[in-house]
>>> print(open('final_22.pdb').read())   # PDB, C-alpha atoms
ATOM      1  CA  MET A   1       0.000   0.000   0.000
ATOM      2  CA  ARG A   2       1.309   3.457  -0.828
ATOM      3  CA  PRO A   3       2.309   5.498   2.235
ATOM      4  CA  THR A   4      -0.026   8.402   1.325
ATOM      5  CA  PHE A   5      -2.960   6.035   0.884
ATOM      6  CA  ARG A   6      -2.168   4.357   4.195
ATOM      7  CA  LEU A   7      -2.001   7.753   5.922
ATOM      8  CA  MET A   8      -5.350   8.700   4.416
ATOM      9  CA  ILE A   9      -6.956   5.552   5.815
ATOM     10  CA  ILE A  10      -5.417   6.113   9.252
ATOM     11  CA  GLY A  11      -6.649   9.724   9.141
ATOM     12  CA  LEU A  12     -10.174   8.685   8.200
ATOM     13  CA  LEU A  13     -10.271   6.083  10.960
ATOM     14  CA  GLY A  14      -9.070   8.742  13.391
ATOM     15  CA  VAL A  15     -11.800  11.187  12.359
ATOM     16  CA  ALA A  16     -14.428   8.444  12.622
ATOM     17  CA  GLY A  17     -13.139   7.554  16.091
ATOM     18  CA  VAL A  18     -13.278  11.166  17.298
ATOM     19  CA  ALA A  19     -16.773  11.702  15.878
ATOM     20  CA  HIS A  20     -17.918   8.549  17.618
ATOM     21  CA  ALA A  21     -16.387   9.564  20.959
ATOM     22  CA  ASP A  22     -18.140  12.956  20.750
ATOM     23  CA  ASP A  23     -21.458  11.318  19.912
ATOM     24  CA  GLU A  24     -21.150   9.012  22.873
ATOM     25  CA  ARG A  25     -20.288  11.883  25.212
ATOM     26  CA  ALA A  26     -23.153  13.974  23.822
ATOM     27  CA  HIS A  27     -25.580  11.079  24.268
ATOM     28  CA  GLN A  28     -24.483  10.538  27.876
ATOM     29  CA  ASN A  29     -24.802  14.249  28.609
ATOM     30  CA  TYR A  30     -28.262  14.224  27.009
ATOM     31  CA  LEU A  31     -29.299  11.357  29.303
ATOM     32  CA  LEU A  32     -27.940  13.074  32.380
ATOM     33  CA  HIS A  33     -28.991  16.657  31.689
ATOM     34  CA  CYS A  34     -31.977  16.573  29.305
ATOM     35  CA  MET A  35     -33.846  13.265  29.306
ATOM     36  CA  GLY A  36     -35.358  13.827  32.762
ATOM     37  CA  CYS A  37     -37.862  16.162  31.096
ATOM     38  CA  HIS A  38     -37.549  15.588  27.336
ATOM     39  CA  THR A  39     -37.508  11.769  27.850
ATOM     40  CA  GLU A  40     -35.075   9.257  26.385
ATOM     41  CA  SER A  41     -36.633   9.361  22.913
ATOM     42  CA  GLY A  42     -37.020  13.164  22.869
ATOM     43  CA  VAL A  43     -40.821  13.114  22.661
ATOM     44  CA  GLY A  44     -41.369  15.090  25.881
ATOM     45  CA  LEU A  45     -44.829  15.124  27.431
ATOM     46  CA  PRO A  46     -47.641  16.688  25.390
ATOM     47  CA  GLY A  47     -48.832  19.937  26.931
ATOM     48  CA  LYS A  48     -46.088  19.905  29.565
ATOM     49  CA  VAL A  49     -42.673  19.367  27.964
ATOM     50  CA  PRO A  50     -42.117  20.170  24.273
ATOM     51  CA  SER A  51     -40.980  17.424  21.911
ATOM     52  CA  LEU A  52     -37.540  17.676  20.307
ATOM     53  CA  ARG A  53     -38.429  15.196  17.571
ATOM     54  CA  GLY A  54     -38.763  16.822  14.185
ATOM     55  CA  THR A  55     -38.759  20.322  15.627
ATOM     56  CA  LEU A  56     -35.155  20.936  16.673
ATOM     57  CA  ALA A  57     -33.691  21.106  13.155
ATOM     58  CA  ARG A  58     -36.651  23.173  11.920
ATOM     59  CA  LEU A  59     -36.084  25.670  14.707
ATOM     60  CA  ALA A  60     -32.311  25.727  14.188
ATOM     61  CA  ASP A  61     -32.811  26.491  10.503
ATOM     62  CA  ASP A  62     -34.702  29.727  11.226
ATOM     63  CA  PRO A  63     -32.995  32.776  12.856
ATOM     64  CA  ASP A  64     -35.855  33.329  15.357
ATOM     65  CA  GLY A  65     -36.143  29.598  16.028
ATOM     66  CA  ARG A  66     -32.417  29.311  16.583
ATOM     67  CA  SER A  67     -32.494  32.185  19.055
ATOM     68  CA  TYR A  68     -35.465  30.488  20.797
ATOM     69  CA  VAL A  69     -33.633  27.137  21.185
ATOM     70  CA  LEU A  70     -30.522  28.824  22.572
ATOM     71  CA  ARG A  71     -32.495  30.897  25.108
ATOM     72  CA  VAL A  72     -34.993  28.359  26.579
ATOM     73  CA  PRO A  73     -34.564  27.654  30.326
ATOM     74  CA  GLY A  74     -33.210  24.124  29.757
ATOM     75  CA  VAL A  75     -30.338  25.582  27.737
ATOM     76  CA  THR A  76     -29.542  28.843  29.559
ATOM     77  CA  GLN A  77     -29.781  27.186  33.010
ATOM     78  CA  SER A  78     -27.844  24.041  32.077
ATOM     79  CA  THR A  79     -24.742  23.239  34.127
ATOM     80  CA  LEU A  80     -22.934  22.029  31.007
ATOM     81  CA  GLU A  81     -20.226  24.315  29.661
ATOM     82  CA  PRO A  82     -21.030  25.948  26.277
ATOM     83  CA  ALA A  83     -18.912  23.630  24.102
ATOM     84  CA  ARG A  84     -20.447  20.503  25.655
ATOM     85  CA  LEU A  85     -23.940  21.947  25.430
ATOM     86  CA  ALA A  86     -23.495  22.830  21.740
ATOM     87  CA  GLU A  87     -22.343  19.229  21.226
ATOM     88  CA  VAL A  88     -25.525  17.902  22.906
ATOM     89  CA  LEU A  89     -27.762  20.224  20.838
ATOM     90  CA  ASN A  90     -26.106  19.076  17.608
ATOM     91  CA  TRP A  91     -26.338  15.420  18.625
ATOM     92  CA  ALA A  92     -30.025  15.798  19.529
ATOM     93  CA  MET A  93     -30.670  17.571  16.239
ATOM     94  CA  ARG A  94     -29.125  14.676  14.285
ATOM     95  CA  GLU A  95     -30.769  12.035  16.463
ATOM     96  CA  PHE A  96     -34.289  13.438  16.539
ATOM     97  CA  SER A  97     -34.675  15.076  13.113
ATOM     98  CA  ASP A  98     -35.125  14.259   9.496
ATOM     99  CA  THR A  99     -31.677  13.566   7.962
ATOM    100  CA  ASP A 100     -32.177  15.735   4.861
ATOM    101  CA  LEU A 101     -33.002  18.808   6.893
ATOM    102  CA  VAL A 102     -30.133  18.316   9.355
ATOM    103  CA  ALA A 103     -27.589  18.220   6.531
ATOM    104  CA  SER A 104     -28.493  21.771   5.527
ATOM    105  CA  VAL A 105     -28.649  23.251   9.048
ATOM    106  CA  GLN A 106     -25.660  25.099  10.492
ATOM    107  CA  PRO A 107     -24.510  23.292  13.681
ATOM    108  CA  PHE A 108     -24.732  25.159  16.992
ATOM    109  CA  THR A 109     -21.451  26.612  18.268
ATOM    110  CA  ALA A 110     -20.085  27.105  21.779
ATOM    111  CA  ALA A 111     -19.937  30.883  21.150
ATOM    112  CA  GLU A 112     -23.657  30.986  20.301
ATOM    113  CA  VAL A 113     -24.523  29.038  23.460
ATOM    114  CA  ALA A 114     -22.362  31.315  25.624
ATOM    115  CA  ALA A 115     -23.821  34.513  24.108
ATOM    116  CA  ALA A 116     -27.416  33.321  24.597
ATOM    117  CA  ARG A 117     -26.874  32.802  28.333
ATOM    118  CA  ASP A 118     -26.772  36.575  28.766
ATOM    119  CA  ARG A 119     -30.315  36.972  27.464
ATOM    120  CA  PRO A 120     -32.561  34.140  28.682
ATOM    121  CA  LEU A 121     -36.035  33.846  27.195
ATOM    122  CA  LEU A 122     -38.912  35.098  29.335
ATOM    123  CA  GLU A 123     -41.886  34.241  27.098
ATOM    124  CA  VAL A 124     -41.034  30.620  26.294
ATOM    125  CA  THR A 125     -44.375  29.147  25.181
ATOM    126  CA  ALA A 126     -45.532  32.189  23.229
ATOM    127  CA  THR A 127     -42.211  32.417  21.386
ATOM    128  CA  ARG A 128     -42.306  28.737  20.473
ATOM    129  CA  GLN A 129     -45.843  29.009  19.120
ATOM    130  CA  LYS A 130     -44.885  32.061  17.082
ATOM    131  CA  VAL A 131     -41.750  30.517  15.620
ATOM    132  CA  LEU A 132     -43.286  27.123  14.819
ATOM    133  CA  GLN A 133     -46.637  28.742  13.907
ATOM    134  CA  GLU A 134     -48.458  26.318  16.135
ATOM    135  CA  ASP A 135     -51.958  26.947  17.429
ATOM    136  CA  HIS A 136     -51.335  25.496  20.851
TER     137      HIS A 136
ATOM    138  CA  MET B 137      -3.429 -19.431 -17.490
ATOM    139  CA  ASP B 138      -6.754 -18.757 -15.834
ATOM    140  CA  PRO B 139      -5.966 -16.731 -12.680
ATOM    141  CA  MET B 140      -8.789 -18.532 -10.824
ATOM    142  CA  LYS B 141      -7.330 -21.971 -11.552
ATOM    143  CA  PRO B 142      -5.281 -22.378  -8.322
ATOM    144  CA  TYR B 143      -8.335 -21.436  -6.220
ATOM    145  CA  ASP B 144     -10.523 -23.824  -8.180
ATOM    146  CA  SER B 145      -8.225 -26.755  -7.616
ATOM    147  CA  MET B 146      -7.691 -25.813  -3.967
ATOM    148  CA  ILE B 147     -11.444 -25.769  -3.305
ATOM    149  CA  GLU B 148     -11.864 -28.975  -5.284
ATOM    150  CA  ARG B 149      -9.188 -30.757  -3.242
ATOM    151  CA  ALA B 150     -10.728 -29.559   0.007
ATOM    152  CA  SER B 151     -14.224 -30.638  -1.036
ATOM    153  CA  ARG B 152     -13.039 -34.101  -2.069
ATOM    154  CA  ARG B 153     -11.130 -34.554   1.164
ATOM    155  CA  LEU B 154     -14.209 -33.517   3.148
ATOM    156  CA  ALA B 155     -16.440 -35.891   1.155
ATOM    157  CA  LYS B 156     -14.050 -38.781   1.804
ATOM    158  CA  THR B 157     -13.633 -38.240   5.526
ATOM    159  CA  VAL B 158     -17.016 -36.929   6.709
ATOM    160  CA  SER B 159     -20.253 -38.835   6.341
ATOM    161  CA  ARG B 160     -23.506 -37.018   5.557
ATOM    162  CA  ARG B 161     -25.073 -38.402   8.705
ATOM    163  CA  SER B 162     -22.290 -37.036  10.883
ATOM    164  CA  VAL B 163     -22.854 -33.576   9.350
ATOM    165  CA  LEU B 164     -26.563 -33.823  10.126
ATOM    166  CA  ARG B 165     -25.789 -35.058  13.641
ATOM    167  CA  THR B 166     -23.373 -32.178  14.319
ATOM    168  CA  LEU B 167     -25.788 -29.589  12.941
ATOM    169  CA  GLY B 168     -28.603 -31.079  15.020
ATOM    170  CA  THR B 169     -26.489 -30.986  18.184
ATOM    171  CA  LEU B 170     -25.554 -27.365  17.496
ATOM    172  CA  LEU B 171     -29.194 -26.386  16.915
ATOM    173  CA  VAL B 172     -30.451 -28.005  20.111
ATOM    174  CA  GLY B 173     -27.430 -26.741  22.064
ATOM    175  CA  ALA B 174     -27.890 -23.150  20.884
ATOM    176  CA  ALA B 175     -31.617 -23.265  21.653
ATOM    177  CA  SER B 176     -30.999 -24.433  25.216
ATOM    178  CA  VAL B 177     -28.430 -21.728  26.080
ATOM    179  CA  PRO B 178     -31.097 -19.190  27.146
ATOM    180  CA  LEU B 179     -32.521 -21.793  29.553
ATOM    181  CA  LEU B 180     -29.296 -21.991  31.558
ATOM    182  CA  PRO B 181     -29.267 -20.175  34.891
ATOM    183  CA  VAL B 182     -27.423 -16.865  34.563
ATOM    184  CA  ALA B 183     -27.275 -13.618  36.527
ATOM    185  CA  ARG B 184     -29.800 -11.449  34.708
ATOM    186  CA  GLY B 185     -28.674  -7.920  35.585
ATOM    187  CA  GLN B 186     -30.299  -5.110  33.566
ATOM    188  CA  GLY B 187     -28.745  -4.907  30.110
ATOM    189  CA  GLY B 188     -25.817  -7.132  31.055
ATOM    190  CA  VAL B 189     -24.742  -4.892  33.944
ATOM    191  CA  LYS B 190     -22.921  -6.767  36.705
ATOM    192  CA  ASP B 191     -25.073  -6.674  39.765
ATOM    193  CA  LYS B 192     -24.600  -7.140  43.483
ATOM    194  CA  GLY B 193     -26.962  -6.544  46.409
ATOM    195  CA  ASP B 194     -30.671  -6.623  47.130
ATOM    196  CA  PRO B 195     -32.863  -4.095  45.236
ATOM    197  CA  GLY B 196     -35.275  -4.238  48.177
ATOM    198  CA  THR B 197     -32.750  -2.563  50.486
ATOM    199  CA  CYS B 198     -31.799   1.097  50.586
ATOM    200  CA  ASP B 199     -28.059   0.466  50.347
ATOM    201  CA  TYR B 200     -28.412  -1.252  46.942
ATOM    202  CA  TRP B 201     -26.070   0.662  44.597
ATOM    203  CA  ARG B 202     -28.672   1.865  42.063
ATOM    204  CA  HIS B 203     -30.594   3.684  44.801
ATOM    205  CA  CYS B 204     -27.686   6.082  45.495
ATOM    206  CA  ALA B 205     -29.662   9.220  44.614
ATOM    207  CA  ILE B 206     -33.205   8.094  45.391
ATOM    208  CA  ASP B 207     -35.741   9.829  47.613
ATOM    209  CA  GLY B 208     -38.857   7.687  47.986
ATOM    210  CA  PHE B 209     -40.344   4.238  48.606
ATOM    211  CA  LEU B 210     -38.588   1.355  46.821
ATOM    212  CA  CYS B 211     -40.918  -0.256  44.276
ATOM    213  CA  ALA B 212     -39.157  -3.593  44.876
ATOM    214  CA  CYS B 213     -40.865  -3.583  48.328
ATOM    215  CA  CYS B 214     -44.239  -2.470  46.931
ATOM    216  CA  GLY B 215     -45.196  -5.234  44.498
ATOM    217  CA  GLY B 216     -43.001  -3.990  41.645
ATOM    218  CA  SER B 217     -39.274  -4.386  41.038
ATOM    219  CA  VAL B 218     -36.199  -2.183  40.760
ATOM    220  CA  THR B 219     -37.237  -1.324  37.186
ATOM    221  CA  THR B 220     -41.010  -1.905  37.052
ATOM    222  CA  CYS B 221     -43.947  -0.171  38.693
ATOM    223  CA  PRO B 222     -46.364  -2.231  40.836
ATOM    224  CA  PRO B 223     -49.713  -3.191  39.254
ATOM    225  CA  GLY B 224     -52.182  -0.319  39.292
ATOM    226  CA  THR B 225     -49.514   2.361  38.932
ATOM    227  CA  GLU B 226     -47.702   3.813  35.942
ATOM    228  CA  PRO B 227     -44.269   5.419  35.618
ATOM    229  CA  ALA B 228     -44.085   9.202  35.304
ATOM    230  CA  PRO B 229     -42.243   9.911  32.042
ATOM    231  CA  ILE B 230     -40.696  13.023  33.598
ATOM    232  CA  THR B 231     -37.953  11.855  35.942
ATOM    233  CA  TRP B 232     -35.006  12.750  38.075
ATOM    234  CA  VAL B 233     -31.688  11.502  36.662
ATOM    235  CA  GLY B 234     -28.435  10.907  38.513
ATOM    236  CA  THR B 235     -25.324   8.735  38.431
ATOM    237  CA  CYS B 236     -24.324   5.860  40.726
ATOM    238  CA  ARG B 237     -21.077   3.890  41.068
ATOM    239  CA  ASN B 238     -21.500   0.117  40.660
ATOM    240  CA  ALA B 239     -19.137  -1.601  43.094
ATOM    241  CA  ALA B 240     -19.371  -4.858  41.095
ATOM    242  CA  ASP B 241     -17.547  -3.401  38.088
ATOM    243  CA  GLY B 242     -16.291  -0.023  39.364
ATOM    244  CA  ARG B 243     -18.158   1.933  36.656
ATOM    245  CA  ASP B 244     -20.556   4.867  36.947
ATOM    246  CA  TYR B 245     -24.037   4.472  35.495
ATOM    247  CA  ILE B 246     -26.759   6.972  34.596
ATOM    248  CA  VAL B 247     -29.869   6.074  36.584
ATOM    249  CA  SER B 248     -33.380   7.366  35.935
ATOM    250  CA  TYR B 249     -35.557   7.548  39.052
ATOM    251  CA  ASN B 250     -39.073   7.230  37.682
ATOM    252  CA  ASP B 251     -41.871   7.769  40.175
ATOM    253  CA  CYS B 252     -44.738   5.273  39.929
ATOM    254  CA  CYS B 253     -48.055   7.067  40.172
ATOM    255  CA  GLY B 254     -51.778   6.377  40.449
ATOM    256  CA  LYS B 255     -52.071   4.843  43.950
ATOM    257  CA  SER B 256     -51.489   6.326  47.381
ATOM    258  CA  SER B 257     -48.050   6.099  49.025
ATOM    259  CA  CYS B 258     -46.677   2.571  49.355
ATOM    260  CA  GLY B 259     -45.188   3.361  52.770
ATOM    261  CA  ARG B 260     -42.628   0.514  52.731
ATOM    262  CA  CYS B 261     -38.834   0.757  52.391
ATOM    263  CA  LEU B 262     -38.435   4.535  52.512
ATOM    264  CA  CYS B 263     -35.025   5.338  51.088
ATOM    265  CA  ASN B 264     -33.589   8.831  51.170
ATOM    266  CA  ARG B 265     -29.956   8.794  50.065
ATOM    267  CA  ASN B 266     -29.839  11.973  47.979
ATOM    268  CA  GLU B 267     -26.307  11.619  46.592
ATOM    269  CA  GLY B 268     -25.931  14.452  44.056
ATOM    270  CA  ASP B 269     -29.280  15.974  44.974
ATOM    271  CA  GLY B 270     -29.554  19.708  44.214
ATOM    272  CA  PRO B 271     -31.504  22.527  45.851
ATOM    273  CA  LEU B 272     -35.270  22.988  45.329
ATOM    274  CA  TYR B 273     -34.805  26.205  43.360
ATOM    275  CA  ARG B 274     -33.124  24.188  40.622
ATOM    276  CA  PRO B 275     -35.918  21.673  39.885
ATOM    277  CA  PRO B 276     -34.126  19.563  37.252
ATOM    278  CA  VAL B 277     -31.433  18.592  39.757
ATOM    279  CA  SER B 278     -33.657  18.250  42.815
ATOM    280  CA  ASN B 279     -35.164  14.890  43.761
ATOM    281  CA  ASP B 280     -37.487  16.385  46.395
ATOM    282  CA  TYR B 281     -40.201  17.035  43.823
ATOM    283  CA  ASN B 282     -43.118  14.694  43.333
ATOM    284  CA  TRP B 283     -42.456  13.910  39.668
ATOM    285  CA  CYS B 284     -45.945  12.388  39.401
ATOM    286  CA  VAL B 285     -47.055  15.908  38.479
ATOM    287  CA  GLY B 286     -45.608  14.993  35.079
ATOM    288  CA  SER B 287     -47.519  11.717  34.723
ATOM    289  CA  ASN B 288     -50.716  11.117  32.839
ATOM    290  CA  SER B 289     -52.451   9.599  35.856
ATOM    291  CA  ASN B 290     -51.645  12.789  37.769
ATOM    292  CA  ILE B 291     -50.489  12.923  41.328
ATOM    293  CA  PRO B 292     -50.788  10.171  43.885
ATOM    294  CA  TYR B 293     -47.200   9.067  44.377
ATOM    295  CA  HIS B 294     -46.714   5.376  45.176
ATOM    296  CA  CYS B 295     -43.021   4.415  44.872
ATOM    297  CA  THR B 296     -39.846   4.954  42.806
ATOM    298  CA  VAL B 297     -37.854   2.699  40.453
ATOM    299  CA  SER B 298     -34.126   2.982  39.700
ATOM    300  CA  ARG B 299     -33.676   2.301  35.996
ATOM    301  CA  ILE B 300     -30.220   2.248  34.350
ATOM    302  CA  VAL B 301     -30.306   4.267  31.113
ATOM    303  CA  GLY B 302     -26.606   4.356  30.252
ATOM    304  CA  VAL B 303     -22.972   4.427  31.292
ATOM    305  CA  ALA B 304     -21.530   7.679  32.626
ATOM    306  CA  ASP B 305     -17.858   7.486  31.660
ATOM    307  CA  LYS B 306     -17.791  10.574  29.422
ATOM    308  CA  THR B 307     -20.278  12.988  31.011
ATOM    309  CA  GLY B 308     -19.561  16.561  32.067
TER     310      GLY B 308
END
>>> encode(input="final_22.pdb", output="structure tokens")
Amino acid sequence: MRPTFRLMIIGLLGVAGVAHADDERAHQNYLLHCMGCHTESGVGLPGKVPSLRGTLARLADDPDGRSYVLRVPGVTQSTLEPARLAEVLNWAMREFSDTDLVASVQPFTAAEVAAARDRPLLEVTATRQKVLQEDH
Amino acid sequence: MDPMKPYDSMIERASRRLAKTVSRRSVLRTLGTLLVGAASVPLLPVARGQGGVKDKGDPGTCDYWRHCAIDGFLCACCGGSVTTCPPGTEPAPITWVGTCRNAADGRDYIVSYNDCCGKSSCGRCLCNRNEGDGPLYRPPVSNDYNWCVGSNSNIPYHCTVSRIVGVADKTG
């Protein structure tokens, strides 16, 4: 095998390994910090805890929706540091959303998470309804 | 020369050798033994910890490792088990989540403490260990709440289960 080709394979394996380690960490942090309310499968509890399934990527794709996600109490009050929290948000977006939509959505960054902590959302339900154009 | 020729003759030699030395009945006998043997493996007595987790201790006692952050009556003493609600109650989907160290394998696990709701308090095996419990003004990290408020059957709290949902070796 040519040395360059071998290096490429080792590099790819390395990237795959890192991505996997991050996913695992994000999943564990989701279980520990988010699933208590949003449940293991992300469906939440109708009328009490909003579902993450199918909505997270939609929200992240819209400037108002993105600002909403970053400023909800579960995010601004989380004890996770910004980089870890951004990792969990991106994992949840991939895990709970339609693949096609996720591919076109900009991932959340640690800087966005940190900036949003300075301006927590006060009107959570009303903002969500407005952004998702839901009736209830 | 056909590049596949050496492989052809190798396979042919192996097949002929096999045909000479192994009878059809012995093949059937071996396959039959394997089938019956494989089918009986699940019947053997094994330690059935949740999801293959090594387990030690009695889930009906407060010092059992999975109860490290619990605050409530143990469902294992109330007609349920460490992971299932007693008949007539249902688990609240909204839960308190913590981590516990398993002495049997030295690893930390993420444990979901689901309250079982729909009947009045069980009253047996009260366990209040609170490891990692947070203050009331931070509800998601406080186990003092009656999480049955988040159940469909609404309110009466009966007991609590300690369900392992994952390993905690990369959290934080």
>>> closest_residue(input="final_22.pdb", among="B:Ile147, B:Val189, B:Cys221, B:Leu167", to="Asp241 (chain B)", atoms="all atoms listed in the file")
B:Val189
>>> residues_around(input="final_22.pdb", residues="region 79-84 of chain A", least_positions_apart="2", cutoff="10 Å", atoms="only C-alpha atoms", output="PyMOL selection string")
(chain A and resi 22+25-26+29+33+74-77+86-90+108-117) or (chain B and resi 277+307-308)
>>> closest_residue(input="final_22.pdb", among="B:Ala304, B:Ile291, B:Val285, B:Leu171", to="chain A", atoms="all atoms listed in the file")
B:Ala304
>>> interface_residues(input="final_22.pdb", of="chain B", to="chain A", cutoff="9 Å", atoms="all atoms listed in the file", output="ChimeraX atom specification")
/B:229-235,246-249,274,276-277,286-288,301-308
>>> closest_residue(input="final_22.pdb", among="A:Ala126, A:Ala57, A:Leu52, A:Leu121", to="Asp100 (chain A)", atoms="all atoms listed in the file")
A:Ala57
>>> residues_around(input="final_22.pdb", residues="region 257-269 of chain B", least_positions_apart="3", cutoff="7 Å", atoms="only C-alpha atoms", output="PyMOL selection string")
chain B and resi 198+204-210+213-214+277-279+293-295
>>> atom_distance(input="final_22.pdb", atom1="CA of Trp201 (chain B)", atom2="CA of Glu226 (chain B)")
23.5 Å
>>> atom_distance(input="final_22.pdb", atom1="CA of Ile300 (chain B)", atom2="CA of Thr219 (chain B)")
8.4 Å
>>> atom_distance(input="final_22.pdb", atom1="CA of Pro195 (chain B)", atom2="CA of Asp244 (chain B)")
17.3 Å
>>> axis_aligned_box(input="final_22.pdb", around="region 48-55 of chain A", padding_each_side="5 Å", output="AutoDock Vina command-line options")
--center_x -41.8 --center_y 17.8 --center_z 21.9 --size_x 18.5 --size_y 15.1 --size_z 25.4
>>> residues_around(input="final_22.pdb", residues="Leu101 (chain A)", least_positions_apart="6", cutoff="12 Å", atoms="all atoms listed in the file", output="number ranges by chain")
A: 54-62, 93-95, 107
>>> resolve_selection(input="final_22.pdb", expression="the PyMOL selection byres ((chain B and resi 220) around 10)", output="VMD selection string")
chain B and resid 211 to 212 215 to 219 221 to 223 225 to 227 250 252 296 to 299
